[in-house]
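Structure file work27.tsv (TSV, C-alpha atoms and all ligand atoms) is printed below.
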chain	number	residue	atom	x	y	z
A	1	MET	CA	109.99	101.72	109.79
A	2	ASP	CA	108.72	98.15	109.23
A	3	VAL	CA	108.52	98.19	105.45
A	4	GLU	CA	107.57	94.50	105.23
A	5	GLN	CA	104.62	95.10	107.58
A	6	ILE	CA	103.47	98.09	105.50
A	7	TYR	CA	103.54	95.87	102.37
A	8	LYS	CA	101.69	93.07	104.22
A	9	ASP	CA	99.03	95.45	105.53
A	10	ALA	CA	98.40	96.69	101.99
A	11	ASN	CA	98.21	93.08	100.65
A	12	ALA	CA	101.23	93.97	98.51
A	13	LEU	CA	103.33	91.05	99.72
A	14	LEU	CA	101.54	88.09	98.17
A	15	GLU	CA	102.04	84.51	99.35
A	16	GLY	CA	101.24	81.49	97.20
A	17	HIS	CA	102.78	79.98	94.07
A	18	PHE	CA	103.90	82.47	91.45
A	19	LEU	CA	105.36	82.35	87.96
A	20	LEU	CA	107.85	85.23	87.67
A	21	ALA	CA	108.75	87.16	84.52
A	22	SER	CA	112.08	85.28	84.54
A	23	GLY	CA	110.25	81.94	84.22
A	24	ASN	CA	111.19	80.90	87.76
A	25	HIS	CA	108.67	80.06	90.48
A	26	SER	CA	108.42	81.64	93.93
A	27	ALA	CA	106.24	81.41	97.04
A	28	ARG	CA	106.18	85.19	97.48
A	29	TYR	CA	105.57	88.13	95.21
A	30	LEU	CA	105.80	91.91	95.72
A	31	GLN	CA	103.03	93.94	94.12
A	32	SER	CA	104.10	97.53	94.89
A	33	ALA	CA	101.09	98.96	93.06
A	34	LYS	CA	99.01	97.73	96.03
A	35	VAL	CA	101.02	99.85	98.51
A	36	LEU	CA	100.84	102.83	96.16
A	37	GLU	CA	97.02	102.58	96.08
A	38	TRP	CA	97.27	104.61	99.27
A	39	PRO	CA	98.83	108.06	98.74
A	40	GLN	CA	99.42	108.48	102.48
A	41	LYS	CA	101.37	105.21	102.63
A	42	ALA	CA	103.30	106.14	99.50
A	43	ALA	CA	104.24	109.48	101.07
A	44	GLU	CA	105.32	107.77	104.30
A	45	LEU	CA	107.59	105.43	102.32
A	46	THR	CA	109.10	108.13	100.10
A	47	ASP	CA	109.61	110.50	103.05
A	48	ALA	CA	111.78	107.77	104.62
A	49	LEU	CA	113.61	107.21	101.32
A	50	ALA	CA	114.17	110.97	100.90
A	51	ALA	CA	115.63	111.13	104.43
A	52	MET	CA	118.16	108.39	103.52
A	53	ILE	CA	119.16	110.29	100.38
A	54	ARG	CA	119.49	113.63	102.24
A	55	ASN	CA	121.46	112.04	105.08
A	56	ALA	CA	123.94	110.69	102.53
A	57	GLY	CA	124.49	114.26	101.31
A	58	ILE	CA	123.23	113.56	97.79
A	59	GLU	CA	122.28	116.74	95.91
A	60	VAL	CA	119.44	116.28	93.46
A	61	ASP	CA	117.55	118.48	91.00
A	62	THR	CA	115.15	115.97	89.50
A	63	VAL	CA	113.71	112.49	90.01
A	64	CYS	CA	113.19	110.43	86.87
A	65	ALA	CA	111.16	107.19	86.84
A	66	PRO	CA	110.90	104.51	84.17
A	67	ALA	CA	107.20	104.24	83.16
A	68	LEU	CA	104.92	102.63	84.02
A	69	GLY	CA	105.95	100.89	87.22
A	70	GLY	CA	108.14	103.63	88.67
A	71	VAL	CA	105.98	106.67	87.99
A	72	ILE	CA	104.05	106.90	91.27
A	73	ALA	CA	107.08	106.12	93.44
A	74	GLY	CA	109.16	108.65	91.48
A	75	TYR	CA	106.52	111.36	91.73
A	76	GLU	CA	106.13	110.86	95.49
A	77	LEU	CA	109.90	110.81	96.02
A	78	ALA	CA	110.19	114.11	94.12
A	79	ARG	CA	107.52	115.56	96.37
A	80	SER	CA	109.37	114.31	99.49
A	81	LEU	CA	112.63	115.82	98.21
A	82	GLY	CA	110.98	119.04	96.99
A	83	VAL	CA	112.33	118.61	93.44
A	84	ARG	CA	110.99	118.10	89.90
A	85	SER	CA	109.57	114.79	88.66
A	86	VAL	CA	109.80	113.40	85.11
A	87	PHE	CA	109.48	109.94	83.58
A	88	VAL	CA	110.93	108.09	80.62
A	89	GLU	CA	109.00	105.65	78.47
A	90	LYS	CA	109.85	102.41	76.68
A	91	VAL	CA	110.76	102.88	73.04
A	92	GLU	CA	112.40	100.55	70.53
A	93	GLY	CA	115.75	99.59	72.06
A	94	GLY	CA	115.56	101.57	75.31
A	95	MET	CA	113.83	104.44	77.10
A	96	ALA	CA	113.11	108.01	75.99
A	97	LEU	CA	112.13	111.31	77.58
A	98	ARG	CA	108.99	112.54	75.80
A	99	ARG	CA	105.98	114.81	76.43
A	100	GLY	CA	108.06	118.01	76.41
A	101	PHE	CA	110.14	117.02	79.46
A	102	GLU	CA	113.66	118.45	79.32
A	103	ILE	CA	116.97	117.79	81.09
A	104	SER	CA	119.62	120.50	81.25
A	105	GLN	CA	123.36	119.97	80.97
A	106	GLY	CA	124.73	118.72	84.31
A	107	GLU	CA	121.28	118.37	85.92
A	108	LYS	CA	121.54	116.02	88.92
A	109	VAL	CA	119.05	113.19	88.51
A	110	ILE	CA	117.94	110.28	90.70
A	111	ILE	CA	116.38	107.33	88.87
A	112	CYS	CA	113.49	105.98	90.98
A	113	GLU	CA	111.67	102.66	90.68
A	114	ASP	CA	109.03	100.97	92.84
A	115	ILE	CA	111.06	97.76	92.96
A	116	ILE	CA	114.61	97.07	91.81
A	117	THR	CA	115.05	93.47	90.67
A	118	THR	CA	118.01	93.38	88.28
A	119	GLY	CA	117.75	97.14	87.73
A	120	GLY	CA	117.45	96.70	83.95
A	121	SER	CA	114.75	99.36	83.42
A	122	ALA	CA	116.45	101.78	85.83
A	123	PHE	CA	119.71	101.38	83.91
A	124	LYS	CA	117.98	102.08	80.58
A	125	ALA	CA	116.36	105.18	82.12
A	126	ALA	CA	119.81	106.32	83.31
A	127	GLU	CA	121.25	105.88	79.81
A	128	ALA	CA	118.46	108.03	78.34
A	129	ILE	CA	119.07	110.83	80.90
A	130	GLU	CA	122.86	110.73	80.47
A	131	ALA	CA	122.48	110.95	76.69
A	132	LEU	CA	120.66	114.27	77.27
A	133	GLY	CA	123.47	115.64	79.48
A	134	GLY	CA	122.03	114.75	82.88
A	135	GLU	CA	124.18	113.37	85.68
A	136	ILE	CA	122.90	110.27	87.53
A	137	VAL	CA	123.65	110.88	91.22
A	138	ALA	CA	121.80	107.83	92.61
A	139	PHE	CA	119.25	105.11	92.05
A	140	ALA	CA	116.31	104.79	94.44
A	141	SER	CA	113.60	102.23	95.02
A	142	LEU	CA	111.02	101.44	97.67
A	143	ALA	CA	111.98	97.77	97.70
A	144	ASN	CA	115.13	95.98	96.58
A	145	ARG	CA	114.93	92.32	95.61
A	146	GLY	CA	118.46	91.64	96.84
A	147	ILE	CA	120.11	91.23	93.42
A	148	CYS	CA	121.61	94.73	93.52
A	149	LYS	CA	123.39	96.10	96.59
A	150	ARG	CA	121.62	98.93	98.40
A	151	VAL	CA	123.36	101.49	100.62
A	152	GLY	CA	123.54	100.11	104.16
A	153	SER	CA	123.19	96.44	103.20
A	154	THR	CA	125.99	93.96	103.80
A	155	VAL	CA	124.76	91.66	101.01
A	156	ASP	CA	126.86	91.96	97.85
A	157	ALA	CA	125.36	92.50	94.40
A	158	LYS	CA	124.75	89.40	92.26
A	159	HIS	CA	126.35	89.22	88.81
A	160	THR	CA	122.88	89.74	87.26
A	161	CYS	CA	122.61	93.28	88.72
A	162	ALA	CA	122.48	95.77	85.82
A	163	LEU	CA	123.23	98.89	87.90
A	164	PRO	CA	126.72	100.47	87.89
A	165	GLU	CA	128.71	99.80	91.08
A	166	ASP	CA	129.90	103.41	91.42
A	167	THR	CA	126.39	104.90	91.78
A	168	PRO	CA	124.59	104.38	95.11
A	169	LEU	CA	121.24	102.56	95.29
A	170	PHE	CA	118.93	103.71	98.10
A	171	ALA	CA	116.07	101.37	99.03
A	172	LEU	CA	113.99	100.99	102.17
A	173	ASP	CA	114.51	97.26	102.54
A	174	ASP	CA	115.70	94.05	100.89
A	175	PHE	CA	113.06	91.49	99.95
A	176	THR	CA	115.06	88.39	99.09
A	177	PHE	CA	112.73	85.57	98.07
A	178	GLU	CA	113.73	82.03	97.19
A	179	MET	CA	113.26	81.38	93.45
A	180	TYR	CA	113.04	77.95	91.83
A	181	PRO	CA	113.43	76.76	88.25
A	182	PRO	CA	110.07	75.17	87.26
A	183	ASP	CA	111.55	71.63	87.07
A	184	ALA	CA	112.92	71.89	90.64
A	185	CYS	CA	110.11	73.81	92.33
A	186	PRO	CA	109.04	72.37	95.72
A	187	LEU	CA	105.68	74.13	95.37
A	188	CYS	CA	104.99	72.31	92.09
A	189	SER	CA	105.94	68.95	93.60
A	190	ALA	CA	103.80	69.67	96.68
A	191	SER	CA	100.96	70.11	94.14
A	192	ILE	CA	99.52	73.18	95.84
A	193	GLY	CA	98.14	74.38	92.51
A	194	LYS	CA	99.61	75.70	89.30
A	195	ALA	CA	101.95	78.73	89.49
A	196	ILE	CA	100.07	81.94	88.64
A	197	LYS	CA	101.50	84.99	86.93
A	198	PRO	CA	100.65	88.04	89.08
A	199	GLY	CA	102.61	90.80	87.26
A	200	SER	CA	100.82	93.67	85.58
A	201	LYS	CA	98.18	91.38	84.01
A	202	GLY	CA	96.95	89.70	87.20
B	1	ZN	ZN	106.29	75.83	91.06
structure tokens encoding of this file:
Amino acid sequence: MDVEQIYKDANALLEGHFLLASGNHSARYLQSAKVLEWPQKAAELTDALAAMIRNAGIEVDTVCAPALGGVIAGYELARSLGVRSVFVEKVEGGMALRRGFEISQGEKVIICEDIITTGGSAFKAAEAIEALGGEIVAFASLANRGICKRVGSTVDAKHTCALPEDTPLFALDDFTFEMYPPDACPLCSASIGKAIKPGSKG
């Protein structure tokens, strides 16, 4: 599966001059929401992700996504795996399971995101599930930004990765983009226009 091509076809792999949440600049930006506009494409991607998880022999009862970004990917992955889907939401100091969702003692849970960058939100989601007695059997993501190490990749995790080393991360592909501090950005000095913030606002 050519994941990069699927993202390009959905205009989800943006090229230009972007201001990232970290404050750095980049020439490329992944907008997974654009791929997930198409339920058939989402299903194709999560079917492939589910196959990786099954082939690794991971047993799972439930997929949990951190809202908002992970919800669609998590729901589709649960459908592909034939299991339950829940999500956690941001609250003061972390994430919480609300809306009557429950986790039983020892329930095997995969935390699913659309994109893993440092894995910060996924880690907070995992903490919330573990506090309720769930067992985190894996992390999963459509795309991995190359900071955390995914199963099958030879690239080591960077020190900024928030995910625990002893829990596998399944992702379809690595998208490792060059990032520049604003005062050393070649795109700024080439004056191809001010960096724009795509994120959830754009
Ligand atoms: Zn720049």
Discussion item. With only C-alpha atoms as the counted atoms, please give the residues lying no more than 7 Å from Gln31 in chain A, apart from itself and same-chain residues fewer than 3 positions off, as a list in words.
Written reply: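 Final neighbour list, sorted by chain and number: Ala12, Leu13 and Lys34 of chain A.
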Fill in: Option closest in space to Glu102 in chain A, from A:Val88, A:Leu45, A:Ile136, A:Ala190 [counting only C-alpha atoms]
A:Val88
Fill in: Among listed residues A:Glu107, A:Asp156, A:Asp183, A:Glu15, nearest ligand ZN 1 (chain B) (using only C-alpha atoms and all ligand atoms)
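The closest residue to ligand ZN 1 (chain B) is A:Asp183.
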Worksheet item: Which of these, A:Ala138, A:Leu132, A:Ala21, A:Ala157, has the shortest distance to Glu59 in chain A once you count only C-alpha atoms?
Response: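 Among A:Ala138, A:Leu132, A:Ala21, A:Ala157, it is A:Ala138 that comes nearest to Glu59 in chain A.
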Practice prompt. Taking all atoms listed in the file into account, report as a PyMOL selection string which residues have an atom no farther than 8 Å from an atom of ligand ZN 1 (chain B).
Written response: chain A and resi 17-19+24-26+180-189+194-195
Discussion item. Which residue is closest to Pro168 in chain A? Choose from A:Ile58, A:Tyr7, A:Phe87, A:Gly23 and count all atoms listed in the file.
Written reply: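 When distances to Pro168 in chain A are compared using all atoms listed in the file, the smallest one comes from A:Ile58.
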Item to complete: Write out as number ranges by chain which residues come within 10 Å of Ser80 in chain A when counting only C-alpha atoms, dropping same-chain ones fewer than 3 positions away.
Response: A: 43-51, 74-77, 83
Item to complete: Take CA of Pro198 in chain A and CA of Ala96 in chain A and report the distance between them in Å, one decimal.
Response: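 Result for CA of Pro198 in chain A versus CA of Ala96 in chain A: 26.9 Å, one decimal.
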Practice prompt. Return the single residue from A:Ser141, A:Asn11, A:Ser22, A:Thr62 that is closest to Glu37 in chain A, with distances computed using all atoms listed in the file.
Written response: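 For Glu37 in chain A, the nearest of the candidates is A:Asn11.
Straight-line separation from CA of Ala10 in chain A to CA of Gly152 in chain A: 25.5 Å.
Distances to Ser32 in chain A were evaluated for A:Lys108, A:His159, A:Lys8, A:Lys124 using all atoms listed in the file, and the minimum falls at A:Lys8.
Atom to atom, CA of Leu172 in chain A and CA of Asn144 in chain A stand 7.6 Å apart.
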Worksheet entry | Selection: 10 Å around Ser153 in chain A, only C-alpha atoms, excl. self and same-chain fewer than 3 positions, as a ChimeraX atom specification | /A:146,148-150,156-157,170-171,173-174
Within 10 Å of range 65-70 of chain A, which residues of range 83-195 of chain A show up? Give each one with its shortest atom-to-atom distance in Å (one decimal) and the two atoms involved, counting only C-alpha atoms, rows by chain then rising residue number, as a Markdown table.
| residue | atom | partner | partner_atom | distance |
| --- | --- | --- | --- | --- |
| A:Ser85 | CA | A:Ala65 | CA | 8.0 |
| A:Val86 | CA | A:Ala65 | CA | 6.6 |
| A:Phe87 | CA | A:Ala65 | CA | 4.6 |
| A:Val88 | CA | A:Pro66 | CA | 5.0 |
| A:Glu89 | CA | A:Ala67 | CA | 5.2 |
| A:Lys90 | CA | A:Ala67 | CA | 7.2 |
| A:Met95 | CA | A:Pro66 | CA | 7.7 |
| A:Ala96 | CA | A:Pro66 | CA | 9.2 |
| A:Leu97 | CA | A:Pro66 | CA | 9.5 |
| A:Ile110 | CA | A:Ala65 | CA | 8.4 |
| A:Ile111 | CA | A:Ala65 | CA | 5.6 |
| A:Cys112 | CA | A:Ala65 | CA | 4.9 |
| A:Glu113 | CA | A:Gly70 | CA | 4.2 |
| A:Asp114 | CA | A:Gly70 | CA | 5.0 |
| A:Ile115 | CA | A:Gly70 | CA | 7.8 |
| A:Ile116 | CA | A:Gly70 | CA | 9.7 |
| A:Ser121 | CA | A:Pro66 | CA | 6.5 |
| A:Ala122 | CA | A:Pro66 | CA | 6.4 |
| A:Phe123 | CA | A:Pro66 | CA | 9.4 |
| A:Lys124 | CA | A:Pro66 | CA | 8.3 |
| A:Ala125 | CA | A:Pro66 | CA | 5.9 |
| A:Ala126 | CA | A:Pro66 | CA | 9.1 |
| A:Phe139 | CA | A:Ala65 | CA | 9.8 |
| A:Ala140 | CA | A:Ala65 | CA | 9.5 |
| A:Ser141 | CA | A:Gly70 | CA | 8.5 |
| A:Leu142 | CA | A:Gly70 | CA | 9.7 |
Can you take the partial range 53-64 of chain A, add all heavy atoms, and return it as a JSON list (two decimals), keeping the file's coordinate frame?
[["chain", "number", "residue", "atom", "x", "y", "z"],
["A", 53, "ILE", "N", 118.42, 109.62, 101.46],
["A", 53, "ILE", "CA", 119.16, 110.29, 100.38],
["A", 53, "ILE", "C", 119.78, 111.60, 100.89],
["A", 53, "ILE", "O", 120.95, 111.89, 100.65],
["A", 53, "ILE", "CB", 118.22, 110.52, 99.17],
["A", 53, "ILE", "CG1", 117.84, 109.17, 98.55],
["A", 53, "ILE", "CG2", 118.86, 111.44, 98.14],
["A", 53, "ILE", "CD1", 116.64, 109.21, 97.62],
["A", 54, "ARG", "N", 118.99, 112.38, 101.67],
["A", 54, "ARG", "CA", 119.49, 113.63, 102.24],
["A", 54, "ARG", "C", 120.63, 113.37, 103.22],
["A", 54, "ARG", "O", 121.64, 114.06, 103.20],
["A", 54, "ARG", "CB", 118.37, 114.36, 102.98],
["A", 54, "ARG", "CG", 117.49, 115.16, 102.08],
["A", 54, "ARG", "CD", 116.76, 116.22, 102.89],
["A", 54, "ARG", "NE", 115.52, 116.58, 102.21],
["A", 54, "ARG", "CZ", 114.33, 116.07, 102.51],
["A", 54, "ARG", "NH1", 114.19, 115.21, 103.51],
["A", 54, "ARG", "NH2", 113.28, 116.44, 101.84],
["A", 55, "ASN", "N", 120.44, 112.35, 104.08],
["A", 55, "ASN", "CA", 121.46, 112.04, 105.08],
["A", 55, "ASN", "C", 122.78, 111.63, 104.45],
["A", 55, "ASN", "O", 123.84, 111.77, 105.05],
["A", 55, "ASN", "CB", 120.98, 110.93, 106.03],
["A", 55, "ASN", "CG", 119.87, 111.42, 106.94],
["A", 55, "ASN", "OD1", 119.70, 112.63, 107.12],
["A", 55, "ASN", "ND2", 119.11, 110.50, 107.51],
["A", 56, "ALA", "N", 122.71, 111.09, 103.23],
["A", 56, "ALA", "CA", 123.94, 110.69, 102.53],
["A", 56, "ALA", "C", 124.58, 111.88, 101.81],
["A", 56, "ALA", "O", 125.63, 111.74, 101.19],
["A", 56, "ALA", "CB", 123.62, 109.58, 101.53],
["A", 57, "GLY", "N", 123.92, 113.05, 101.90],
["A", 57, "GLY", "CA", 124.49, 114.26, 101.31],
["A", 57, "GLY", "C", 124.37, 114.32, 99.80],
["A", 57, "GLY", "O", 125.12, 115.04, 99.14],
["A", 58, "ILE", "N", 123.42, 113.56, 99.25],
["A", 58, "ILE", "CA", 123.23, 113.56, 97.79],
["A", 58, "ILE", "C", 122.45, 114.82, 97.39],
["A", 58, "ILE", "O", 121.37, 115.07, 97.91],
["A", 58, "ILE", "CB", 122.42, 112.31, 97.34],
["A", 58, "ILE", "CG1", 123.08, 111.02, 97.83],
["A", 58, "ILE", "CG2", 122.18, 112.31, 95.83],
["A", 58, "ILE", "CD1", 124.26, 110.56, 97.03],
["A", 59, "GLU", "N", 123.00, 115.57, 96.45],
["A", 59, "GLU", "CA", 122.28, 116.74, 95.91],
["A", 59, "GLU", "C", 121.52, 116.31, 94.67],
["A", 59, "GLU", "O", 122.07, 115.61, 93.82],
["A", 59, "GLU", "CB", 123.28, 117.83, 95.52],
["A", 59, "GLU", "CG", 123.72, 118.67, 96.70],
["A", 59, "GLU", "CD", 124.69, 119.75, 96.26],
["A", 59, "GLU", "OE1", 124.44, 120.38, 95.22],
["A", 59, "GLU", "OE2", 125.70, 119.93, 96.95],
["A", 60, "VAL", "N", 120.27, 116.72, 94.58],
["A", 60, "VAL", "CA", 119.44, 116.28, 93.46],
["A", 60, "VAL", "C", 118.56, 117.42, 92.95],
["A", 60, "VAL", "O", 118.04, 118.21, 93.74],
["A", 60, "VAL", "CB", 118.62, 115.03, 93.87],
["A", 60, "VAL", "CG1", 117.83, 115.27, 95.14],
["A", 60, "VAL", "CG2", 117.67, 114.59, 92.77],
["A", 61, "ASP", "N", 118.43, 117.49, 91.63],
["A", 61, "ASP", "CA", 117.55, 118.48, 91.00],
["A", 61, "ASP", "C", 116.23, 117.86, 90.58],
["A", 61, "ASP", "O", 115.20, 118.51, 90.59],
["A", 61, "ASP", "CB", 118.22, 119.07, 89.74],
["A", 61, "ASP", "CG", 119.55, 119.75, 90.05],
["A", 61, "ASP", "OD1", 119.60, 120.52, 91.01],
["A", 61, "ASP", "OD2", 120.53, 119.50, 89.31],
["A", 62, "THR", "N", 116.31, 116.59, 90.16],
["A", 62, "THR", "CA", 115.15, 115.97, 89.50],
["A", 62, "THR", "C", 115.11, 114.47, 89.79],
["A", 62, "THR", "O", 116.16, 113.83, 89.88],
["A", 62, "THR", "CB", 115.26, 116.19, 87.97],
["A", 62, "THR", "OG1", 115.24, 117.60, 87.72],
["A", 62, "THR", "CG2", 114.14, 115.54, 87.20],
["A", 63, "VAL", "N", 113.89, 113.94, 89.94],
["A", 63, "VAL", "CA", 113.71, 112.49, 90.01],
["A", 63, "VAL", "C", 113.13, 112.04, 88.68],
["A", 63, "VAL", "O", 112.18, 112.65, 88.17],
["A", 63, "VAL", "CB", 112.75, 112.10, 91.15],
["A", 63, "VAL", "CG1", 112.48, 110.59, 91.13],
["A", 63, "VAL", "CG2", 113.32, 112.50, 92.51],
["A", 64, "CYS", "N", 113.69, 110.99, 88.12],
["A", 64, "CYS", "CA", 113.19, 110.43, 86.87],
["A", 64, "CYS", "C", 112.82, 108.96, 87.09],
["A", 64, "CYS", "O", 113.61, 108.20, 87.63],
["A", 64, "CYS", "CB", 114.23, 110.53, 85.75],
["A", 64, "CYS", "SG", 113.71, 109.70, 84.24]]
